[in-house]
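Structure data (compact mmCIF, C-alpha atoms) from structure_19.txt:
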```txt
# COMPACT_ATOMS: atom_id res chain seq x y z
CA MET A 445 -16.92 9.06 26.43
CA ARG A 446 -16.89 8.89 30.24
CA GLY A 447 -14.26 8.53 32.89
CA GLY A 448 -14.48 6.38 35.99
CA GLY A 449 -17.83 6.49 37.77
CA GLY A 450 -19.68 7.86 34.71
CA VAL A 451 -18.11 11.34 34.91
CA PRO A 452 -18.24 13.17 31.53
CA THR A 453 -14.76 13.51 30.01
CA THR A 454 -15.41 15.50 26.80
CA VAL A 455 -16.58 19.05 26.24
CA GLU A 456 -19.56 17.87 24.19
CA GLU A 457 -20.61 15.46 26.93
CA ARG A 458 -20.42 18.18 29.58
CA TRP A 459 -22.55 20.50 27.43
CA ARG A 460 -25.12 17.77 26.95
CA GLN A 461 -25.28 17.29 30.69
CA PHE A 462 -25.76 21.06 31.13
CA PHE A 463 -28.57 21.22 28.55
CA ARG A 464 -30.32 18.37 30.34
CA TRP A 465 -29.92 19.43 33.99
CA GLY A 466 -28.91 23.10 33.78
CA PRO A 467 -32.46 24.52 33.30
CA TYR A 468 -33.61 22.72 36.47
CA GLY A 469 -30.76 24.22 38.44
CA LEU A 470 -31.24 27.75 37.07
CA LEU A 471 -34.98 27.53 37.67
CA GLY A 472 -34.41 26.39 41.25
CA VAL A 473 -31.96 29.25 41.98
CA ALA A 474 -34.26 31.81 40.35
CA ALA A 475 -37.32 30.52 42.23
CA ALA A 476 -35.47 30.59 45.56
CA ILE A 477 -34.27 34.18 45.12
CA ALA A 478 -37.67 35.27 43.77
CA ALA A 479 -39.38 33.74 46.81
CA ALA A 480 -36.99 35.54 49.13
CA SER A 481 -37.74 38.85 47.42
CA ALA A 482 -41.43 38.23 46.84
CA ASP A 483 -42.54 40.91 49.32
CA VAL A 484 -40.61 43.53 47.34
CA PHE A 485 -41.67 42.68 43.79
CA MET A 486 -44.96 40.73 43.99
CA ASP A 487 -48.33 40.85 45.69
CA ARG A 488 -50.29 37.76 46.71
CA THR A 489 -51.89 37.23 43.28
CA GLU A 490 -48.55 37.61 41.51
CA ARG A 491 -46.96 35.12 43.91
CA VAL A 492 -49.64 32.55 43.10
CA THR A 493 -49.25 33.25 39.40
CA ALA A 494 -45.46 32.88 39.67
CA GLY A 495 -45.92 29.55 41.44
CA VAL A 496 -48.23 28.27 38.70
CA LEU A 497 -45.88 29.47 35.94
CA THR A 498 -42.90 27.87 37.74
CA ALA A 499 -44.79 24.59 37.90
CA ALA A 500 -45.62 24.93 34.18
CA VAL A 501 -41.95 25.53 33.37
CA LEU A 502 -40.97 22.52 35.44
CA LEU A 503 -43.57 20.36 33.66
CA LEU A 504 -42.38 21.66 30.29
CA HIS A 505 -38.82 20.57 31.05
CA VAL A 506 -39.93 17.17 32.33
CA VAL A 507 -41.86 16.53 29.10
CA TRP A 508 -38.93 17.77 26.99
CA ASP A 509 -36.44 15.65 28.91
CA HIS A 510 -38.67 12.58 28.45
CA ARG A 511 -38.81 13.23 24.70
CA CYS A 512 -35.02 13.65 24.51
CA ARG A 513 -34.48 10.36 26.31
CA ARG A 514 -36.79 8.61 23.85
CA VAL A 515 -34.82 10.10 20.93
CA VAL A 516 -31.54 9.02 22.47
CA ALA A 517 -32.85 5.50 23.06
CA ALA A 518 -34.06 5.24 19.47
CA THR A 519 -31.27 6.92 17.50
CA GLY A 520 -28.56 8.13 19.88
CA TRP A 521 -27.40 11.74 19.81
CA GLY A 522 -28.45 13.73 16.79
CA PRO A 523 -26.19 13.57 13.72
CA GLU A 524 -23.34 16.02 13.33
CA GLN A 525 -24.10 18.73 10.79
CA PRO A 526 -21.26 20.50 8.89
CA ASP A 527 -22.85 23.93 9.37
CA ARG A 528 -23.64 23.49 13.07
CA GLY A 529 -20.83 21.35 14.47
CA PRO A 530 -21.54 18.58 16.97
CA VAL A 531 -25.24 18.42 17.89
CA LEU A 532 -25.41 18.80 21.65
CA VAL A 533 -29.19 18.45 22.01
CA PRO A 534 -30.73 15.09 20.99
CA GLY A 535 -32.34 15.24 17.56
CA ALA A 536 -31.99 17.82 14.83
CA PRO A 537 -33.86 21.17 15.17
CA GLY A 538 -37.49 20.70 14.22
CA PRO A 539 -41.06 21.75 15.10
CA ALA A 540 -40.91 20.15 18.57
CA SER A 541 -37.72 21.97 19.55
CA VAL A 542 -39.08 25.28 18.20
CA VAL A 543 -42.32 24.88 20.21
CA HIS A 544 -40.32 24.02 23.33
CA PHE A 545 -38.06 27.07 22.93
CA VAL A 546 -40.98 29.44 22.28
CA LEU A 547 -43.02 28.18 25.25
CA ARG A 548 -40.02 28.29 27.56
CA THR A 549 -39.02 31.80 26.44
CA ALA A 550 -42.61 33.04 26.89
CA LEU A 551 -42.85 31.53 30.37
CA ALA A 552 -39.44 32.95 31.31
CA PHE A 553 -40.56 36.41 30.07
CA ALA A 554 -43.75 36.17 32.11
CA LEU A 555 -41.87 35.10 35.23
CA THR A 556 -39.33 37.91 34.78
CA TRP A 557 -42.29 40.33 34.37
CA LEU A 558 -43.48 39.19 37.79
CA ASN A 559 -40.03 39.16 39.42
CA PRO A 560 -36.79 40.30 37.69
CA PHE A 561 -34.78 37.59 39.46
CA PHE A 562 -36.39 34.98 37.19
CA ALA A 563 -34.00 36.33 34.51
CA ILE A 564 -31.50 33.92 36.10
CA TYR A 565 -33.54 31.16 34.50
CA ALA A 566 -34.31 33.10 31.32
CA CYS A 567 -30.60 33.35 30.42
CA VAL A 568 -30.64 29.66 29.42
CA GLY A 569 -31.97 30.87 26.05
CA TYR A 570 -28.54 32.29 25.25
CA PHE A 571 -27.01 28.82 25.44
CA ASP A 572 -29.36 26.61 23.46
CA ALA A 573 -31.05 28.89 20.91
CA VAL A 574 -28.61 27.80 18.17
CA HIS A 575 -29.18 24.14 19.05
CA LEU A 576 -32.98 24.16 19.42
CA LEU A 577 -33.86 26.53 16.58
CA PRO A 578 -33.13 26.33 12.85
CA ARG A 579 -30.40 28.71 11.73
CA ARG A 580 -32.88 31.21 10.27
CA LEU A 581 -34.69 31.48 13.67
CA ALA A 582 -31.70 31.33 16.00
CA HIS A 583 -31.09 35.10 15.93
CA ALA A 584 -34.73 35.78 16.71
CA GLY A 585 -34.51 33.47 19.72
CA LEU A 586 -31.40 35.28 20.97
CA LEU A 587 -33.10 38.66 20.57
CA ALA A 588 -36.17 37.45 22.50
CA THR A 589 -33.92 36.30 25.33
CA ALA A 590 -32.08 39.65 25.20
CA VAL A 591 -35.43 41.47 25.70
CA THR A 592 -36.12 39.45 28.87
CA MET A 593 -32.60 39.99 30.20
CA ALA A 594 -32.66 43.74 29.47
CA GLY A 595 -36.04 44.08 31.22
CA SER A 596 -34.63 42.45 34.34
CA GLN A 597 -31.43 44.49 34.28
CA SER A 598 -33.30 47.80 33.80
CA GLY A 599 -35.27 47.36 37.02
CA GLY A 600 -38.06 45.03 36.08
CA LEU A 601 -40.95 44.88 33.66
CA PRO A 602 -42.84 46.88 32.66
CA PRO A 603 -40.60 50.01 32.75
CA ALA A 604 -42.13 52.56 35.14
CA SER A 605 -40.40 55.67 33.83
CA LEU A 606 -38.68 57.18 30.82
CA THR A 607 -35.35 56.46 32.41
CA GLN A 608 -36.23 52.80 32.69
CA TRP A 609 -37.35 52.77 29.05
CA LEU A 610 -34.06 54.31 28.02
CA ALA A 611 -32.19 51.85 30.20
CA LEU A 612 -34.24 49.02 28.70
CA GLY A 613 -33.32 50.13 25.18
CA GLY A 614 -29.63 50.52 25.95
CA LEU A 615 -29.42 47.26 27.84
CA PHE A 616 -31.31 45.45 25.08
CA ALA A 617 -28.84 46.79 22.50
CA LEU A 618 -25.94 45.71 24.69
CA ASN A 619 -27.41 42.25 25.32
CA ALA A 620 -28.30 41.81 21.65
CA CYS A 621 -24.79 42.76 20.50
CA LEU A 622 -23.16 40.48 23.05
CA ALA A 623 -25.49 37.62 22.23
CA MET A 624 -24.99 38.00 18.46
CA GLY A 625 -21.23 38.35 18.86
CA PHE A 626 -20.86 35.35 21.09
CA SER A 627 -23.22 33.38 18.86
CA HIS A 628 -21.14 34.24 15.82
CA LEU A 629 -17.95 33.15 17.59
CA ALA A 630 -19.61 29.98 18.78
CA THR A 631 -20.81 29.23 15.25
CA LYS A 632 -17.30 29.73 13.86
CA ASP A 633 -15.86 27.49 16.54
CA ALA A 634 -18.50 24.89 15.77
CA GLU A 635 -17.68 25.07 12.06
CA LYS A 636 -13.98 24.63 12.81
CA ALA A 637 -14.79 21.73 15.10
CA ALA A 638 -16.90 20.17 12.35
CA GLU A 639 -14.08 20.65 9.84
CA ARG A 640 -11.63 19.06 12.25
CA ALA A 641 -14.03 16.20 12.85
CA ALA A 642 -14.47 15.74 9.08
CA THR A 643 -10.70 15.87 8.58
CA ILE A 644 -10.16 13.32 11.33
CA ALA A 645 -12.86 11.09 9.84
CA GLU A 646 -11.28 11.37 6.40
CA LEU A 647 -7.87 10.60 7.88
CA GLY A 648 -9.42 7.58 9.55
CA ARG A 649 -10.85 6.41 6.23
CA THR A 650 -7.53 7.10 4.52
CA ASN A 651 -5.67 5.15 7.19
CA ALA A 652 -8.13 2.29 6.77
CA ARG A 653 -7.56 2.31 3.01
CA LEU A 654 -3.81 2.49 3.60
CA GLU A 655 -3.98 -0.47 5.96
CA ARG A 656 -5.93 -2.43 3.37
CA ALA A 657 -3.40 -1.44 0.70
CA LEU A 658 -0.52 -2.47 2.97
CA ALA A 659 -2.22 -5.79 3.62
CA GLU A 660 -2.71 -6.29 -0.12
CA ASN A 661 0.91 -5.30 -0.75
CA ALA A 662 2.06 -7.78 1.87
CA THR A 663 0.03 -10.49 0.15
CA LEU A 664 1.41 -9.50 -3.24
CA GLN A 665 4.93 -9.42 -1.84
CA ALA A 666 4.48 -12.90 -0.44
CA GLN A 667 3.19 -14.07 -3.82
CA LEU A 668 6.11 -12.40 -5.60
CA LEU A 669 8.59 -13.97 -3.20
CA LEU A 670 7.00 -17.36 -3.82
CA GLN A 671 7.10 -16.82 -7.57
CA ALA A 672 10.71 -15.60 -7.38
CA ARG A 673 11.64 -18.66 -5.36
CA GLU A 674 9.92 -20.94 -7.85
CA ALA A 675 11.58 -19.10 -10.73
CA GLY A 676 14.94 -19.39 -8.98
CA VAL A 677 14.44 -23.10 -8.44
CA ALA A 678 13.42 -23.58 -12.08
CA ASP A 679 16.40 -21.52 -13.30
CA GLU A 680 18.79 -23.51 -11.12
CA ARG A 681 17.32 -26.73 -12.46
CA ARG A 682 17.83 -25.52 -16.02
CA ARG A 683 21.39 -24.48 -15.20
CA LEU A 684 22.23 -27.83 -13.67
CA ALA A 685 20.59 -29.63 -16.59
CA ALA A 686 22.68 -27.63 -19.05
CA GLU A 687 25.86 -28.14 -17.01
CA ILE A 688 25.23 -31.89 -16.73
CA HIS A 689 24.61 -32.07 -20.46
CA ASP A 690 27.74 -30.07 -21.25
CA THR A 691 30.03 -31.89 -18.81
CA ILE A 692 28.92 -35.36 -17.78
CA ALA A 693 27.00 -36.20 -20.96
CA GLN A 694 29.70 -34.96 -23.30
CA GLY A 695 32.43 -36.51 -21.17
CA LEU A 696 30.67 -39.87 -21.09
CA THR A 697 30.14 -39.69 -24.85
CA GLY A 698 33.88 -39.13 -25.31
CA VAL A 699 34.72 -41.92 -22.87
CA ILE A 700 32.44 -44.33 -24.71
CA ALA A 701 33.94 -43.34 -28.06
CA GLN A 702 37.49 -43.87 -26.78
CA LEU A 703 36.60 -47.21 -25.17
CA GLN A 704 34.94 -48.36 -28.40
CA ALA A 705 38.00 -47.30 -30.35
CA ALA A 706 40.28 -49.16 -27.91
CA ALA A 707 38.17 -52.29 -28.18
CA ALA A 708 38.20 -52.15 -31.97
CA THR A 709 41.99 -51.62 -32.24
CA PRO A 710 44.19 -54.75 -32.33
CA ASP A 711 47.27 -52.60 -31.76
CA ARG A 712 47.98 -52.67 -28.03
CA GLU A 713 49.81 -49.34 -28.07
CA ARG A 714 46.99 -47.52 -29.83
CA ALA A 715 44.44 -49.17 -27.50
CA ASP A 716 46.37 -47.91 -24.47
CA THR A 717 46.31 -44.41 -25.99
CA HIS A 718 42.52 -44.56 -26.31
CA LEU A 719 42.23 -45.88 -22.75
CA ARG A 720 44.39 -43.03 -21.41
CA ARG A 721 42.20 -40.55 -23.28
CA ALA A 722 39.08 -42.17 -21.83
CA ALA A 723 40.50 -41.95 -18.30
CA GLY A 724 41.46 -38.32 -18.87
CA LEU A 725 38.00 -37.49 -20.18
CA ALA A 726 36.44 -39.18 -17.15
CA ARG A 727 38.61 -37.20 -14.74
CA ASP A 728 37.90 -33.93 -16.58
CA SER A 729 34.17 -34.65 -16.63
CA LEU A 730 34.18 -35.42 -12.90
CA GLY A 731 35.99 -32.16 -12.18
CA GLU A 732 33.62 -30.18 -14.38
CA ALA A 733 30.60 -31.78 -12.71
CA ARG A 734 31.88 -30.79 -9.27
CA ARG A 735 32.57 -27.25 -10.43
CA SER A 736 29.09 -27.03 -11.98
CA VAL A 737 27.49 -28.01 -8.68
CA ARG A 738 29.46 -25.19 -7.03
CA ASN A 739 28.49 -22.86 -9.94
CA LEU A 740 32.13 -22.12 -10.77
CA SER A 741 33.69 -21.31 -14.11
CA PRO A 742 34.89 -24.22 -16.29
CA VAL A 743 38.27 -25.57 -15.29
CA ALA A 744 39.62 -24.61 -18.72
CA LEU A 745 39.13 -20.92 -17.79
CA GLU A 746 40.73 -21.16 -14.37
CA HIS A 747 44.15 -20.07 -15.65
CA ASP A 748 43.54 -19.23 -19.33
CA THR A 749 41.67 -16.56 -21.27
CA LEU A 750 38.75 -17.55 -23.46
CA SER A 751 40.81 -17.60 -26.64
CA GLU A 752 43.50 -19.79 -25.01
CA ALA A 753 40.88 -22.14 -23.53
CA LEU A 754 39.14 -22.41 -26.92
CA ARG A 755 42.44 -23.09 -28.67
CA LYS A 756 43.17 -25.99 -26.29
CA THR A 757 39.61 -27.28 -26.48
CA VAL A 758 39.67 -27.27 -30.30
CA ALA A 759 43.08 -28.97 -30.35
CA ASP A 760 41.96 -31.71 -27.93
CA TRP A 761 38.74 -32.26 -29.88
CA ALA A 762 40.59 -32.48 -33.19
CA GLU A 763 43.02 -35.00 -31.72
CA ARG A 764 40.23 -37.18 -30.36
CA THR A 765 38.04 -37.09 -33.46
CA GLY A 766 40.67 -36.87 -36.17
CA VAL A 767 38.78 -33.98 -37.79
CA ASP A 768 40.95 -31.30 -39.39
CA THR A 769 39.98 -28.25 -37.29
CA ARG A 770 41.26 -24.69 -37.27
CA PHE A 771 40.81 -22.04 -34.60
CA THR A 772 40.97 -18.32 -35.44
CA VAL A 773 40.72 -15.15 -33.40
CA THR A 774 39.82 -11.83 -35.07
CA GLY A 775 39.73 -8.33 -33.66
CA THR A 776 41.42 -6.99 -30.56
CA GLU A 777 41.09 -9.26 -27.54
CA LEU A 778 39.38 -7.59 -24.57
CA PRO A 779 38.81 -8.67 -20.96
CA LEU A 780 35.57 -10.61 -20.58
CA HIS A 781 33.21 -11.20 -17.70
CA ASP A 782 33.61 -14.72 -16.31
CA GLU A 783 30.03 -15.66 -17.25
CA VAL A 784 30.49 -14.45 -20.83
CA ALA A 785 33.66 -16.52 -21.23
CA ALA A 786 32.05 -19.58 -19.62
CA THR A 787 28.96 -19.28 -21.80
CA LEU A 788 30.91 -19.08 -25.07
CA LEU A 789 33.19 -21.95 -24.05
CA ARG A 790 30.20 -24.16 -23.22
CA ILE A 791 28.55 -23.27 -26.54
CA ALA A 792 31.73 -24.15 -28.41
CA GLN A 793 32.05 -27.46 -26.55
CA GLU A 794 28.42 -28.36 -27.30
CA ALA A 795 28.71 -27.39 -30.98
CA LEU A 796 31.88 -29.51 -31.39
CA SER A 797 30.26 -32.40 -29.50
CA ASN A 798 27.25 -32.29 -31.83
CA ALA A 799 29.56 -32.21 -34.84
CA ALA A 800 31.43 -35.28 -33.58
CA ARG A 801 28.23 -37.22 -32.91
CA HIS A 802 26.08 -36.26 -35.87
CA SER A 803 27.90 -34.51 -38.71
CA GLY A 804 30.53 -37.00 -39.96
CA ALA A 805 32.60 -33.95 -40.90
CA SER A 806 36.14 -34.07 -42.25
CA ARG A 807 36.88 -30.39 -41.60
CA ALA A 808 35.73 -27.86 -39.06
CA GLY A 809 36.50 -24.30 -38.06
CA VAL A 810 36.05 -22.25 -34.91
CA THR A 811 36.30 -18.46 -35.04
CA LEU A 812 36.20 -16.06 -32.08
CA SER A 813 35.56 -12.47 -33.19
CA TYR A 814 35.78 -9.30 -31.07
CA MET A 815 33.45 -6.86 -32.82
CA GLY A 816 33.16 -3.53 -31.03
CA ASP A 817 30.52 -3.96 -28.32
CA GLU A 818 29.89 -7.68 -28.84
CA ILE A 819 31.77 -10.92 -29.23
CA THR A 820 30.86 -13.63 -31.73
CA LEU A 821 31.65 -17.33 -31.78
CA ASP A 822 31.25 -19.26 -35.05
CA VAL A 823 31.53 -23.06 -35.34
CA ARG A 824 31.36 -24.57 -38.84
CA ASP A 825 31.74 -28.06 -40.27
CA ASP A 826 31.41 -29.69 -43.69
CA GLY A 827 29.39 -32.65 -42.45
CA ARG A 828 26.09 -34.05 -43.58
CA GLY A 829 24.06 -31.15 -42.11
CA PHE A 830 20.37 -31.34 -41.24
CA ASP A 831 17.06 -29.54 -41.64
CA PRO A 832 16.65 -27.30 -38.55
CA HIS A 833 12.90 -26.99 -39.09
CA ALA A 834 12.28 -30.73 -39.39
CA ARG A 835 14.61 -31.72 -36.59
CA PRO A 836 12.80 -32.90 -33.42
CA GLU A 837 13.32 -30.73 -30.36
CA HIS A 838 14.00 -33.70 -28.05
CA ASP A 839 14.67 -37.18 -29.35
CA GLY A 840 15.56 -38.90 -26.12
CA ALA A 841 19.24 -39.15 -27.03
CA GLY A 842 20.11 -35.58 -26.52
CA GLY A 843 19.10 -34.42 -29.98
CA GLY A 844 17.83 -30.90 -29.89
CA PHE A 845 18.68 -30.28 -26.23
CA GLY A 846 22.14 -29.09 -27.18
CA LEU A 847 20.77 -26.35 -29.44
CA ASP A 848 18.16 -25.41 -26.86
CA GLY A 849 20.84 -25.26 -24.20
CA MET A 850 23.06 -23.06 -26.35
CA ARG A 851 20.21 -20.64 -27.02
CA ALA A 852 19.22 -20.57 -23.34
CA ARG A 853 22.80 -19.80 -22.30
CA ALA A 854 23.12 -16.95 -24.78
CA GLU A 855 19.69 -15.51 -23.93
CA ARG A 856 20.59 -15.32 -20.24
CA LEU A 857 23.24 -12.78 -21.32
CA THR A 858 20.84 -11.01 -23.74
CA GLY A 859 22.63 -12.72 -26.63
CA SER A 860 21.47 -15.05 -29.38
CA VAL A 861 22.36 -18.23 -31.24
CA THR A 862 21.60 -18.77 -34.91
CA VAL A 863 21.93 -22.03 -36.86
CA GLU A 864 22.47 -22.33 -40.60
CA ALA A 865 22.23 -25.89 -41.88
CA ALA A 866 20.86 -27.91 -44.74
CA PRO A 867 21.05 -31.61 -45.59
CA GLY A 868 24.41 -32.37 -47.28
CA GLU A 869 25.71 -28.81 -46.90
CA GLY A 870 27.24 -28.80 -43.41
CA THR A 871 26.32 -26.77 -40.36
CA ALA A 872 27.22 -23.29 -39.09
CA ILE A 873 26.41 -22.15 -35.55
CA SER A 874 26.89 -18.51 -34.57
CA ALA A 875 26.59 -17.15 -31.02
CA ARG A 876 26.55 -13.40 -30.27
CA VAL A 877 26.88 -11.97 -26.78
CA PRO A 878 27.27 -8.31 -25.67
CA LEU A 879 30.71 -7.60 -24.26
CA GLY A 880 29.18 -5.74 -21.32
CA ALA A 881 27.01 -8.68 -20.16
CA PRO A 882 25.89 -9.63 -17.66
```
Once more with this new file: its structure as structure tokens, please.
Amino acid sequence: MRGGGGVPTTVEERWRQFFRWGPYGLLGVAAAIAAASADVFMDRTERVTAGVLTAAVLLLHVVWDHRCRRVVAATGWGPEQPDRGPVLVPGAPGPASVVHFVLRTALAFALTWLNPFFAIYACVGYFDAVHLLPRRLAHAGLLATAVTMAGSQSGGLPPASLTQWLALGGLFALNACLAMGFSHLATKDAEKAAERAATIAELGRTNARLERALAENATLQAQLLLQAREAGVADERRRLAAEIHDTIAQGLTGVIAQLQAAAATPDRERADTHLRRAAGLARDSLGEARRSVRNLSPVALEHDTLSEALRKTVADWAERTGVDTRFTVTGTELPLHDEVAATLLRIAQEALSNAARHSGASRAGVTLSYMGDEITLDVRDDGRGFDPHARPEHDGAGGGFGLDGMRARAERLTGSVTVEAAPGEGTAISARVPLGAP
């Protein structure tokens, strides 16, 4: 990562630049000072030898730099290693880097032997030993560099007196301890940096997985919303179908029956009575249809409780059909949720409508029972009955839809509808709904 104008912007990048160009700079400084002090430390032969060795060192670095550039061009910087941290020298430590370090250290030692100021260049071994050498050889490389540095600091190589030998030993111990200590700290820092890099990489992978999961969740949510919308549309269609069947269809059936009765009656007064009933049924059916579209409770429950609405419904049905019908309430009446009351009223209306159309009954009974945590509605007649198992589900004239509608209404409130019927033995319909629903 670089800033404007190609300036390195990270610590690793700056170190890489140092490892590439630093040896040239240190060698140039060391050579300049050594040349200035050549008359003190070197004779003519040693000056020539130092020049040749300096040229050899320069050539060594040119060759090594060329190799590093080829590695970078082929593979980029060397891979990060958990036990070494970011690799700052191109390529992992191998035979070539070991040979380079050994040759460079030997040349630096020889130059320092000729002139102690070449130790300025030799100190580069402290910086890159852990990067150029395998871990098992890194300490040896640091110790070799410490020997060169101690020789320079003790007055030059070889030591000329016992004092210089003692100084060499003490300075070597000091350099070795400092080098090992700083190397250990650097290794720990590198390990922490590698751990941080691994943690960051893992967080990156986790974030990527999280983003994918969020994208999948968004897709699933969209699918669920679509399914919920479709389910809502289907449920509303079923509700409207049931409401139309229970209001308009039943009302029109009653209107037709009253009109047929009026047409078949020669008595004008009785015909007018049937016509008034037909008009009343039409008005009631229209009102119920409008309330169903607005998803309101039946008009019969607007001002009355369920038992009162059922009592009036049974009385009106008995008057229209001429069937002897009794309504009974058992148990203690309790307040009901509007949907529970509407559901039971619709079931009762449908059961009575089916009895009028199909049963030919002479007697019927409707019982509303409050039984602890549930409420039960029973509708019975003594008509011709039917076989529930042989009866078609949908016969095109409404047959079967009424029973299906009753069951669907009860099941929406976690209730149930059971039918007991047999040919010639009448019909009994029982609906059970929890008092706490919905």
(message) Env of Leu788 of chain A: 9 Å cut, atoms = all atoms listed in the file, seq-sep filter 4 positions within chain, self excluded. Answer as a VMD selection string.
(response) chain A and resid 750 783 to 784 792 to 793 820 to 821 850 853 to 854 875 to 877
(request) Find the spatial neighbours of segment 468-475 of chain A, counting all atoms listed in the file, within a cut-off of 12 Å - ignore same-chain residues fewer than 2 positions away - and output them as a PyMOL selection string. (result) chain A and resi 461-466+477-482+491+494-506+508-509+548+551-552+555-556+558-569
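Closest approach to Tyr570 of chain A from the set A:Ser627, A:Thr717, A:Ser598, A:Ser751 is made by A:Ser627, with distances taken over only C-alpha atoms.
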(request) Quote the spacing between atom CA of Thr765 of chain A and atom CA of Asp825 of chain A in Å to one decimal place. (result)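 Rounded to one decimal, the two atoms are 12.9 Å apart.
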(request) Give the answer as one residue: which of A:Arg514, A:Arg488, A:Arg720, A:His575 has the shortest atom-to-atom distance to Trp459 of chain A, using only C-alpha atoms? (result) A:His575
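Across the model, the gap from atom CA of Ser605 of chain A to atom CA of Phe485 of chain A is 16.4 Å.
Those residues that approach Trp609 of chain A to within 12 Å, counting all atoms listed in the file, are Val591, Ala594, Gly595, Ser596, Gln597, Ser598, Gly599, Gly600, Leu601, Pro602, Pro603, Ala604, Gly614, Leu615 and Phe616 of chain A; same-chain residues fewer than 5 positions away are not listed.
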(request) In Å, rounded to a single decimal, give me how far atom CA of Ile873 of chain A is from atom CA of Gly766 of chain A. (result) 20.5 Å
(message) Here is a test: counting all atoms listed in the file, which residue of A:Arg579, A:His544, A:His802, A:Arg460 is nearest to Val507 of chain A?
(response)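 Counting all atoms listed in the file, the residue closest to Val507 of chain A is A:His544.
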Listing only residues of segment 759-853 of chain A within 12 Å of segment 699-711 of chain A, what is the closest atom pair and its distance in Å (to one decimal) for each, using only C-alpha atoms, sorted by chain and residue number ascending, as a tab-separated table?
```
residue	atom	partner	partner_atom	distance
A:Glu763	CA	A:Gln702	CA	11.6
A:Arg764	CA	A:Gln702	CA	8.1
A:Thr765	CA	A:Ala701	CA	9.2
A:Ser797	CA	A:Ala701	CA	11.6
A:Ala800	CA	A:Ala701	CA	10.1
A:Arg801	CA	A:Ala701	CA	9.7
```
Could you take the residues named above and write them with C-alpha atoms, as an mmCIF file, keeping the file's coordinate frame?
```
data_model
loop_
_atom_site.group_PDB
_atom_site.id
_atom_site.type_symbol
_atom_site.label_atom_id
_atom_site.label_comp_id
_atom_site.auth_asym_id
_atom_site.auth_seq_id
_atom_site.Cartn_x
_atom_site.Cartn_y
_atom_site.Cartn_z
ATOM 1 C CA GLU A 763 43.020 -35.000 -31.720
ATOM 2 C CA ARG A 764 40.230 -37.180 -30.360
ATOM 3 C CA THR A 765 38.040 -37.090 -33.460
ATOM 4 C CA SER A 797 30.260 -32.400 -29.500
ATOM 5 C CA ALA A 800 31.430 -35.280 -33.580
ATOM 6 C CA ARG A 801 28.230 -37.220 -32.910
#
```
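Closest to Ala637 of chain A among A:Glu456, A:Glu855, A:Asp728, A:Glu490 is A:Glu456, based on all atoms listed in the file.
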